[in-house]
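Comments concern the structure below.
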Amino acid sequence: MSDDYGYDDEDDSPYGTEYGVDGSGGDDGAGASRDGGRGPEVTFAALPPAQGRGFATSWWGRAWLQALEDTALDGQQLKQGRQLARKGGVGAVSVRPGRITAMVRDRDGTAHRSDVLLQQLGAGAWDRFLDMAVDRAGHIAALLDREMPPHLVEDAAGAGVELLPGIGDLEPECTCGAWDHCPHSGALCYQVARLLDEDPFVLLLMRGREERRLLDELQVRSAARAVRPGDGGEGEDTGDAEQEVRGVPAGEAFAAAGILPPLPAPPSAPDTPGLGPSLDTETPPAPGIDPTALEVLAADSAVRAHRMLLDALAPGHEEQPLPVELTPQQDAVRLAADARPDARIGARLAAGSGRPPADLDAAVRAWRYGGVAALAVLDEEWAPDPEDLGRARARLGEAWEAGERPALRANGRARWTVAGADLQLRLDRGGRWWPYRKERGRWVPAGPADDDPAGALAGAEDGAADGTSGVGVAV
């Protein structure tokens with residue numbers, strides 16, 4: 001008995017011109033057949049029981065089950081099918097164009113042959129799919145990795161090729177005589193979802209193309225695209241390369257949210273940064289290459305990557321503001337502060353920071369005390385407006401008990417020097433106080449910022465008393 005799709009109960013109908021495409025000349029998906037006749041066939045051994053696990057973890061496996069559950073009219077039948085599949089009642093699964101087949105055993109041991117038919121793609125549809133895949137190198141790479149990214153399915157649909165089944169696309173046949181999806185065909189579909197998780201080529205075989213043939217055709221088309229007729233054998237221009245899709249468009253990811261699995265837990269961060277490479281070899285470097293400088297940059301990159309990873313994994317990271325982008329001059333100071341380079345590299349960094357070598361040490365100290373903000377206090381002089389200046393003076397007056405306040409001389413540029421001592425307070429634009437100390441005739445940072453000017457100055461006085469000072473860089 002045959003129907004409009006051209007398959008019959010005896011399963012002996014021959015293929016037409018294209019894996020079951022009849023001779024009607026149809027060249028697109030609508031003209032394809034669900035014929036389950038013989039052809040390329042892959043048989044998968046019976047899978048073990050699926051106790052305690054879902055039947056699909058990949059988004060395309062879930063889409064397969066969604067098509068089944070949307071098609072079946074009797075949810076109780078599907079529930080029984082899940083139970084049969086979960087208990088290992090599905091035997092070896094045979095997959096070929098247009099049809100999947102397995103023997104399914106009931107709980108009492110009675111075996112039934114169950115088939116599920118799926119519309120094959122016609123020759124025209126496969127041509128469009130192959131052309132689309134060749135234009136997107138990422139699609140080929142994903143298939144080779146046994147993945148089916150959402151944008152591959154979306155791009156195929158844009159070319160008029162529906163890869164995943166929809167409502168009514170999974171046609172059941174079973175020797176139990178049921179006309180709808182019975183427990184046996186349901187169990188078969190649940191088992192196939194596990195196969196699809198491991199290999200999306202199972203779906204492509206059902207649609208009419210076995211893996212080897214599909215990859216061979218992709219290779220032929222890729223080679224043909226590499227050389228254009230009449231271009232003298234030269235490759236395509238870079239415009240085609242720029243068309244390659246990178247990543248998944250946000251709209252596609254949002255549309256697939258209901259069937260995508262949850263993200264895995266992030267891995268734990270390593271305890272320490274990775275070690276940079278050693279470039280001390282017997283081979284002399286190329287002209288203009290400084291191996292020592294490259295080693296410093298590589299080590300710094302490892303430290304920064306480790307720090308960024310720790311920040312990303314910290315609770316509340318998504319609520320933190322984006323880091324300030326450094327200028328080349330600021331980054332040279334940062335590198336000198338973090339890498340602690342030798343004198344020769346330190347001199348190069350001083351030049352990169354736009355400072356005389358003698359001034360780089362003070363800049364490094366500032367960076368270690370407060371980064372960009374501390375560097376701005378070192379370099380900039382600003383005149384507070386009368387309102388800011390009034391608040392600053394009031395804060396200075398309140399910071400000490402009566403009779404304990406040191407004599408402070410203001411220079412009008414947000415700096416107050418302690419009379420008779422080589423100590424200074426500097427006010428930044430955010431209202432914080434930074435201590436400074438004079439060393440060898442230069443004002444250098446003496447500690448981190450403090451909201452309390454007395455606290456900031458006390459830290460600088462303690463450092464002066466015990467002889468400590470910030471460690472700079474050798475220049």
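We label chains A, B, ... in the order they appear in the structure tokens, count residues from 1 in each chain, and number ligands from 1 in the order shown.
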
Could you go through range 105-234 of chain A and tell me which residues DSSP, when run on the backbone, assigns to strand (DSSP E or B), listing them as a list of chain:residue names? A:Arg105, A:Ala111, A:His112, A:Arg113, A:Ser114, A:Asp115, A:Val116, A:Leu117, A:Leu118, A:Leu170, A:Glu171, A:Pro172, A:Glu173, A:Cys174

Could you write out that same residue set with all heavy atoms as an mmCIF file, in the first residue's frame?
data_model
loop_
_atom_site.group_PDB
_atom_site.id
_atom_site.type_symbol
_atom_site.label_atom_id
_atom_site.label_comp_id
_atom_site.auth_asym_id
_atom_site.auth_seq_id
_atom_site.Cartn_x
_atom_site.Cartn_y
_atom_site.Cartn_z
ATOM 1 N N ARG A 105 10.904 -3.739 22.035
ATOM 2 C CA ARG A 105 10.255 -4.761 22.851
ATOM 3 C C ARG A 105 9.403 -4.123 23.940
ATOM 4 O O ARG A 105 9.836 -3.216 24.634
ATOM 5 C CB ARG A 105 11.296 -5.687 23.494
ATOM 6 C CG ARG A 105 12.053 -6.533 22.484
ATOM 7 C CD ARG A 105 12.947 -7.564 23.159
ATOM 8 N NE ARG A 105 13.624 -8.387 22.166
ATOM 9 C CZ ARG A 105 13.077 -9.478 21.604
ATOM 10 N NH1 ARG A 105 11.865 -9.864 21.992
ATOM 11 N NH2 ARG A 105 13.743 -10.166 20.709
ATOM 12 N N ALA A 111 8.108 -8.243 20.609
ATOM 13 C CA ALA A 111 8.900 -7.356 19.751
ATOM 14 C C ALA A 111 8.057 -6.836 18.603
ATOM 15 O O ALA A 111 7.240 -7.569 18.017
ATOM 16 C CB ALA A 111 10.113 -8.099 19.208
ATOM 17 N N HIS A 112 8.226 -5.550 18.273
ATOM 18 C CA HIS A 112 7.553 -4.925 17.140
ATOM 19 C C HIS A 112 8.586 -4.173 16.313
ATOM 20 O O HIS A 112 9.475 -3.517 16.863
ATOM 21 C CB HIS A 112 6.485 -3.932 17.616
ATOM 22 C CG HIS A 112 5.364 -4.566 18.368
ATOM 23 N ND1 HIS A 112 4.261 -5.122 17.751
ATOM 24 C CD2 HIS A 112 5.176 -4.759 19.707
ATOM 25 C CE1 HIS A 112 3.436 -5.602 18.662
ATOM 26 N NE2 HIS A 112 3.976 -5.397 19.861
ATOM 27 N N ARG A 113 8.451 -4.302 14.999
ATOM 28 C CA ARG A 113 9.283 -3.465 14.137
ATOM 29 C C ARG A 113 8.628 -2.096 14.030
ATOM 30 O O ARG A 113 7.454 -1.975 13.677
ATOM 31 C CB ARG A 113 9.431 -4.074 12.751
ATOM 32 C CG ARG A 113 10.045 -3.060 11.776
ATOM 33 C CD ARG A 113 10.329 -3.599 10.414
ATOM 34 N NE ARG A 113 10.509 -2.498 9.474
ATOM 35 C CZ ARG A 113 11.114 -2.619 8.296
ATOM 36 N NH1 ARG A 113 11.597 -3.789 7.922
ATOM 37 N NH2 ARG A 113 11.232 -1.577 7.500
ATOM 38 N N SER A 114 9.398 -1.076 14.332
ATOM 39 C CA SER A 114 8.889 0.291 14.278
ATOM 40 C C SER A 114 9.748 1.108 13.325
ATOM 41 O O SER A 114 10.985 0.987 13.334
ATOM 42 C CB SER A 114 8.885 0.921 15.672
ATOM 43 O OG SER A 114 8.224 2.168 15.660
ATOM 44 N N ASP A 115 9.091 1.900 12.495
ATOM 45 C CA ASP A 115 9.770 2.778 11.543
ATOM 46 C C ASP A 115 9.257 4.200 11.729
ATOM 47 O O ASP A 115 8.083 4.411 12.057
ATOM 48 C CB ASP A 115 9.498 2.353 10.101
ATOM 49 C CG ASP A 115 10.071 0.979 9.773
ATOM 50 O OD1 ASP A 115 9.463 -0.039 10.197
ATOM 51 O OD2 ASP A 115 11.109 0.922 9.119
ATOM 52 N N VAL A 116 10.117 5.150 11.480
ATOM 53 C CA VAL A 116 9.723 6.556 11.431
ATOM 54 C C VAL A 116 10.286 7.133 10.139
ATOM 55 O O VAL A 116 11.492 7.001 9.863
ATOM 56 C CB VAL A 116 10.237 7.344 12.642
ATOM 57 C CG1 VAL A 116 9.910 8.831 12.488
ATOM 58 C CG2 VAL A 116 9.609 6.815 13.927
ATOM 59 N N LEU A 117 9.423 7.736 9.338
ATOM 60 C CA LEU A 117 9.817 8.268 8.040
ATOM 61 C C LEU A 117 9.949 9.789 8.124
ATOM 62 O O LEU A 117 9.193 10.442 8.837
ATOM 63 C CB LEU A 117 8.810 7.892 6.961
ATOM 64 C CG LEU A 117 8.863 6.430 6.466
ATOM 65 C CD1 LEU A 117 8.357 5.468 7.520
ATOM 66 C CD2 LEU A 117 8.060 6.267 5.189
ATOM 67 N N LEU A 118 10.912 10.308 7.394
ATOM 68 C CA LEU A 118 11.176 11.751 7.379
ATOM 69 C C LEU A 118 11.404 12.196 5.942
ATOM 70 O O LEU A 118 12.115 11.533 5.180
ATOM 71 C CB LEU A 118 12.412 12.081 8.225
ATOM 72 C CG LEU A 118 12.869 13.545 8.247
ATOM 73 C CD1 LEU A 118 11.800 14.424 8.896
ATOM 74 C CD2 LEU A 118 14.193 13.684 8.997
ATOM 75 N N LEU A 170 7.516 13.758 11.255
ATOM 76 C CA LEU A 170 7.952 12.416 11.667
ATOM 77 C C LEU A 170 6.758 11.461 11.521
ATOM 78 O O LEU A 170 5.831 11.463 12.332
ATOM 79 C CB LEU A 170 8.469 12.441 13.105
ATOM 80 C CG LEU A 170 9.656 13.377 13.366
ATOM 81 C CD1 LEU A 170 10.062 13.346 14.839
ATOM 82 C CD2 LEU A 170 10.834 13.014 12.487
ATOM 83 N N GLU A 171 6.787 10.654 10.458
ATOM 84 C CA GLU A 171 5.675 9.777 10.103
ATOM 85 C C GLU A 171 5.923 8.385 10.673
ATOM 86 O O GLU A 171 6.899 7.726 10.317
ATOM 87 C CB GLU A 171 5.561 9.710 8.583
ATOM 88 C CG GLU A 171 4.370 8.940 8.086
ATOM 89 C CD GLU A 171 3.120 9.803 8.011
ATOM 90 O OE1 GLU A 171 3.246 11.037 8.110
ATOM 91 O OE2 GLU A 171 2.040 9.234 7.850
ATOM 92 N N PRO A 172 5.038 7.881 11.579
ATOM 93 C CA PRO A 172 5.299 6.573 12.199
ATOM 94 C C PRO A 172 4.708 5.408 11.400
ATOM 95 O O PRO A 172 3.679 5.539 10.723
ATOM 96 C CB PRO A 172 4.601 6.716 13.549
ATOM 97 C CG PRO A 172 3.420 7.603 13.259
ATOM 98 C CD PRO A 172 3.892 8.562 12.191
ATOM 99 N N GLU A 173 5.370 4.268 11.492
ATOM 100 C CA GLU A 173 4.845 2.988 11.013
ATOM 101 C C GLU A 173 5.250 1.931 12.023
ATOM 102 O O GLU A 173 6.408 1.917 12.463
ATOM 103 C CB GLU A 173 5.419 2.607 9.642
ATOM 104 C CG GLU A 173 4.857 3.385 8.479
ATOM 105 C CD GLU A 173 5.377 2.853 7.148
ATOM 106 O OE1 GLU A 173 6.307 2.022 7.174
ATOM 107 O OE2 GLU A 173 4.866 3.263 6.105
ATOM 108 N N CYS A 174 4.358 1.057 12.403
ATOM 109 C CA CYS A 174 4.693 0.056 13.404
ATOM 110 C C CYS A 174 3.846 -1.187 13.184
ATOM 111 O O CYS A 174 2.663 -1.085 12.799
ATOM 112 C CB CYS A 174 4.460 0.606 14.817
ATOM 113 S SG CYS A 174 5.036 -0.513 16.126
#

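Shortest atom-to-atom contact with Arg207 in chain A among A:Leu152, A:Leu121, A:Ala157, A:Cys189: A:Leu121, counting only C-alpha atoms.
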
Which polymer residues have any atom within 10 Å of an atom of Leu294 in chain A, counting only C-alpha atoms, with same-chain residues fewer than 4 positions away left out, as a PyMOL selection string? chain A and resi 276-279+289-290+298-300

I'd like the interatomic distance between CA of Pro453 in chain A and CA of Leu425 in chain A, to a tenth of an Å.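 These two atoms are separated by 7.3 Å.
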
Please identify the helix (DSSP H, G or I) residues within range 143-328 of chain A (assignment by DSSP from backbone atoms) and present them as a ChimeraX atom specification. /A:143-144,150-158,183-198,201-206,211-226,238-242,250-255,291-313,317-319,328

Which one of A:Arg99, A:His139, A:Arg82, A:Arg440 sits closest to Leu65 in chain A if you count only C-alpha atoms? A:Arg82

Can you pull out every residue within 10 Å of Leu143 in chain A, counting only C-alpha atoms, but drop anything in the same chain fewer than 3 positions away, and send it as a PDB file with N, CA and C atoms, in the first residue's frame?
ATOM      1  N   ALA A 133      26.706  26.218   2.597  1.00  0.00           N
ATOM      2  CA  ALA A 133      27.751  25.741   3.496  1.00  0.00           C
ATOM      3  C   ALA A 133      29.139  26.119   2.999  1.00  0.00           C
ATOM      4  N   GLY A 138      32.738  28.340   8.546  1.00  0.00           N
ATOM      5  CA  GLY A 138      32.440  27.944   9.918  1.00  0.00           C
ATOM      6  C   GLY A 138      31.417  26.825   9.984  1.00  0.00           C
ATOM      7  N   HIS A 139      30.500  26.760   9.012  1.00  0.00           N
ATOM      8  CA  HIS A 139      29.506  25.693   9.009  1.00  0.00           C
ATOM      9  C   HIS A 139      30.165  24.340   8.772  1.00  0.00           C
ATOM     10  N   ILE A 140      31.094  24.290   7.839  1.00  0.00           N
ATOM     11  CA  ILE A 140      31.787  23.023   7.566  1.00  0.00           C
ATOM     12  C   ILE A 140      32.576  22.591   8.795  1.00  0.00           C
ATOM     13  N   ARG A 146      31.090  17.589  14.703  1.00  0.00           N
ATOM     14  CA  ARG A 146      29.848  16.932  15.130  1.00  0.00           C
ATOM     15  C   ARG A 146      28.945  17.909  15.889  1.00  0.00           C
ATOM     16  N   GLU A 147      28.841  19.113  15.364  1.00  0.00           N
ATOM     17  CA  GLU A 147      27.968  20.124  15.950  1.00  0.00           C
ATOM     18  C   GLU A 147      27.074  20.702  14.860  1.00  0.00           C
ATOM     19  N   MET A 148      25.923  21.215  15.293  1.00  0.00           N
ATOM     20  CA  MET A 148      25.009  21.866  14.360  1.00  0.00           C
ATOM     21  C   MET A 148      24.611  23.208  14.981  1.00  0.00           C
ATOM     22  N   PRO A 149      25.421  24.251  14.770  1.00  0.00           N
ATOM     23  CA  PRO A 149      25.122  25.540  15.406  1.00  0.00           C
ATOM     24  C   PRO A 149      23.830  26.132  14.882  1.00  0.00           C
ATOM     25  N   LEU A 152      23.779  27.712  11.414  1.00  0.00           N
ATOM     26  CA  LEU A 152      23.788  26.825  10.245  1.00  0.00           C
ATOM     27  C   LEU A 152      22.354  26.502   9.847  1.00  0.00           C
ATOM     28  N   ASP A 199      26.059  12.911  16.900  1.00  0.00           N
ATOM     29  CA  ASP A 199      26.443  13.066  15.491  1.00  0.00           C
ATOM     30  C   ASP A 199      25.286  13.630  14.681  1.00  0.00           C
ATOM     31  N   PRO A 200      25.323  14.923  14.320  1.00  0.00           N
ATOM     32  CA  PRO A 200      24.235  15.493  13.509  1.00  0.00           C
ATOM     33  C   PRO A 200      24.181  14.926  12.093  1.00  0.00           C
ATOM     34  N   PHE A 201      25.244  14.213  11.651  1.00  0.00           N
ATOM     35  CA  PHE A 201      25.198  13.594  10.331  1.00  0.00           C
ATOM     36  C   PHE A 201      24.113  12.518  10.263  1.00  0.00           C
ATOM     37  N   GLU A 211      27.377  10.891   5.143  1.00  0.00           N
ATOM     38  CA  GLU A 211      28.460  11.782   5.530  1.00  0.00           C
ATOM     39  C   GLU A 211      29.550  11.867   4.461  1.00  0.00           C
ATOM     40  N   LEU A 215      30.553  15.274   2.439  1.00  0.00           N
ATOM     41  CA  LEU A 215      31.856  15.923   2.572  1.00  0.00           C
ATOM     42  C   LEU A 215      32.596  15.978   1.239  1.00  0.00           C
TER      43      LEU A 215
END

Report as JSON lines the residues of range 155-234 of chain A within 6 Å of range 44-64 of chain A, each with its shortest atom pair and distance in Å (one decimal), using only C-alpha atoms, ordered by chain and increasing residue number.
{"residue": "A:Ala193", "atom": "CA", "partner": "A:Gly61", "partner_atom": "CA", "distance": 5.0}
{"residue": "A:Arg194", "atom": "CA", "partner": "A:Phe55", "partner_atom": "CA", "distance": 5.5}
{"residue": "A:Leu196", "atom": "CA", "partner": "A:Gly61", "partner_atom": "CA", "distance": 5.6}
{"residue": "A:Asp197", "atom": "CA", "partner": "A:Ser58", "partner_atom": "CA", "distance": 5.4}

To one decimal in Å, tell me the separation between CA of Ala156 in chain A and CA of Arg128 in chain A.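 Value for the CA of Ala156 in chain A-CA of Arg128 in chain A distance: 8.0 Å.
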
Nearest residue to Asp106 in chain A out of A:Cys182, A:Ala314, A:Leu335, A:Ala223, using only C-alpha atoms? A:Cys182

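Restricting the calculation to only C-alpha atoms, the smallest distance between Leu297 in chain A and any of A:Arg437, A:Arg340, A:His317, A:Arg429 is found for A:Arg340.
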